Every structure is written in C-alpha cells, then in structure tokens.
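Peer 1: Please see the structure below; I have some questions.
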Amino acid sequence: DIDLLAIDVANRLAVIDVETSCVDGLLLRGVSHLEWVARNFANLRRTFQGAVIDVGARPRLFLVAPQFSPLFRSAVRQMAGLEIEYLRYHCADVSGTTGILLERVDGEG
C-alpha cells in the first residue's frame, strides 16, 4: 500500500512512503510503488479527474523515516534516473502536543 499519493506544486505525482524505523526495505517498497503508479497511470488520471497532473513528468518519490543507513544512502545514489528524496522525521513536544519535524537528508555520507 502506498502511504500517500500527492500532486506537487509542479503538478507531478508524488509517492510518499513512511516507515517508523530504520528499514532499508523502504527504498525497495518506494521504487515498487513508482512502478505501480506507472502501470496504473490511466486509472489514476480517471480517479483524480479534477486534478491537473503533468502526464509527461516522472513521478517523484519521498521516503520518510527516523533514520537512513549508509547502505540505503548508497543505493539511492545509484538510482540517478529516479527523483528520490528522503526525509528524516523527529518527534517533538509542541505545547503539550506531539509535533513532527521533517529534515531533508542529502545524498552524501
């Protein structure tokens, strides 16, 4: 299951997958979701008829987790043809409520 399917500011589809622990399988799951979106693009366009979707643009992939291993980062660097962004999340106390802060992780290191 895709955790969240969105349309970004450039009208590109965006697959967003979230994991609650450091799991290298998140990358494989996300890439398989991109493949599913490509195979089912016509159905998605019918489902979201009112939305403007750039049909010529490749979908983006956002992977969200509390941490990413060196193996994960290395694998992402080898997938130059895909637009993959990964974000580390942090839980924080915000006025007695739990807030979630997202930090973009660069592909280095």
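Note on naming: chains are A, B, ... as they come in the structure tokens, residues start from 1 per chain, ligands start from 1 in the order shown.
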Once you count only C-alpha atoms, what closest atom pair and distance in Å to one decimal does each residue of region 42-85 of chain A within 10 Å of region 15-32 of chain A have, with rows by chain and rising residue number, as a tab-separated table?
Peer 2:
residue	atom	partner	partner_atom	distance
A:Pro59	CA	A:Val15	CA	7.1
A:Arg60	CA	A:Val15	CA	6.2
A:Leu61	CA	A:Val15	CA	4.9
A:Phe62	CA	A:Ile16	CA	4.7
A:Leu63	CA	A:Asp17	CA	5.1
A:Val64	CA	A:Val18	CA	4.6
A:Ala65	CA	A:Glu19	CA	4.9
A:Pro66	CA	A:Ser21	CA	6.0
A:Gln67	CA	A:Cys22	CA	5.2
A:Phe68	CA	A:Cys22	CA	5.7
A:Ser69	CA	A:Cys22	CA	7.0
A:Pro70	CA	A:Asp24	CA	9.5
A:Leu71	CA	A:Asp24	CA	7.5
A:Phe72	CA	A:Asp24	CA	5.6
A:Arg73	CA	A:Asp24	CA	9.2
A:Ala75	CA	A:Leu27	CA	8.3
A:Val76	CA	A:Leu27	CA	7.8
A:Met79	CA	A:Val31	CA	9.9
A:Leu82	CA	A:Val31	CA	8.8
A:Ile84	CA	A:Val31	CA	9.0
A:Glu85	CA	A:Ile16	CA	9.5
Peer 1: Could you name the residues that touch Arg104 (chain A) at 9 Å or less, counting only C-alpha atoms, but leaving out those on the same chain fewer than 4 positions away, as an NGL selection string?
Peer 2: :A and (85-89)
Peer 1: Between CA of Cys91 (chain A) and CA of Asp1 (chain A), what is the distance in Å, rounded to a tenth?
Peer 2: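 Answer for the CA of Cys91 (chain A) to CA of Asp1 (chain A) separation: 23.9 Å.
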Peer 1: Where does DSSP see strand (DSSP E) in chain A, if you list the residues as an MDAnalysis selection string?
Peer 2: chainID A and resid 4:7 13:18 60:65 84:94 97:105
Peer 1: Which residue out of A:Ala57, A:Leu101, A:Asp106, A:Arg45 has the minimum interatomic distance to Ser74 (chain A) when only C-alpha atoms are used?
Peer 2: A:Asp106
Peer 1: At what distance in Å, to one decimal, does CA of Leu13 (chain A) lie from CA of His90 (chain A)?
Peer 2: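 Separation of CA of His90 (chain A) and CA of Leu13 (chain A): 25.3 Å.
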Peer 1: According to DSSP computed on the backbone, where in chain A is there alpha helix (DSSP H)? Give the residues as a PyMOL selection string.
Peer 2: chain A and resi 25-39+41-47+70-77
Peer 1: Pick from A:Arg58, A:Glu103, A:Asp3, A:Ser95: nearest to Ala38 (chain A), with only C-alpha atoms counted?
Peer 2: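 Of the candidates, the smallest distance to Ala38 (chain A) is held by A:Arg58.
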Peer 1: Please report the interatomic distance between CA of Glu83 (chain A) and CA of Ile53 (chain A) in Å with one decimal.
Peer 2: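 CA of Ile53 (chain A) lies at a distance of 16.8 Å from CA of Glu83 (chain A).
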Peer 1: Could you check which of A:Gly56, A:Leu5, A:Ile100, A:Val105 is closest to Trp36 (chain A), using only C-alpha atoms?
Peer 2: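 Result for the nearest residue to Trp36 (chain A): A:Leu5.
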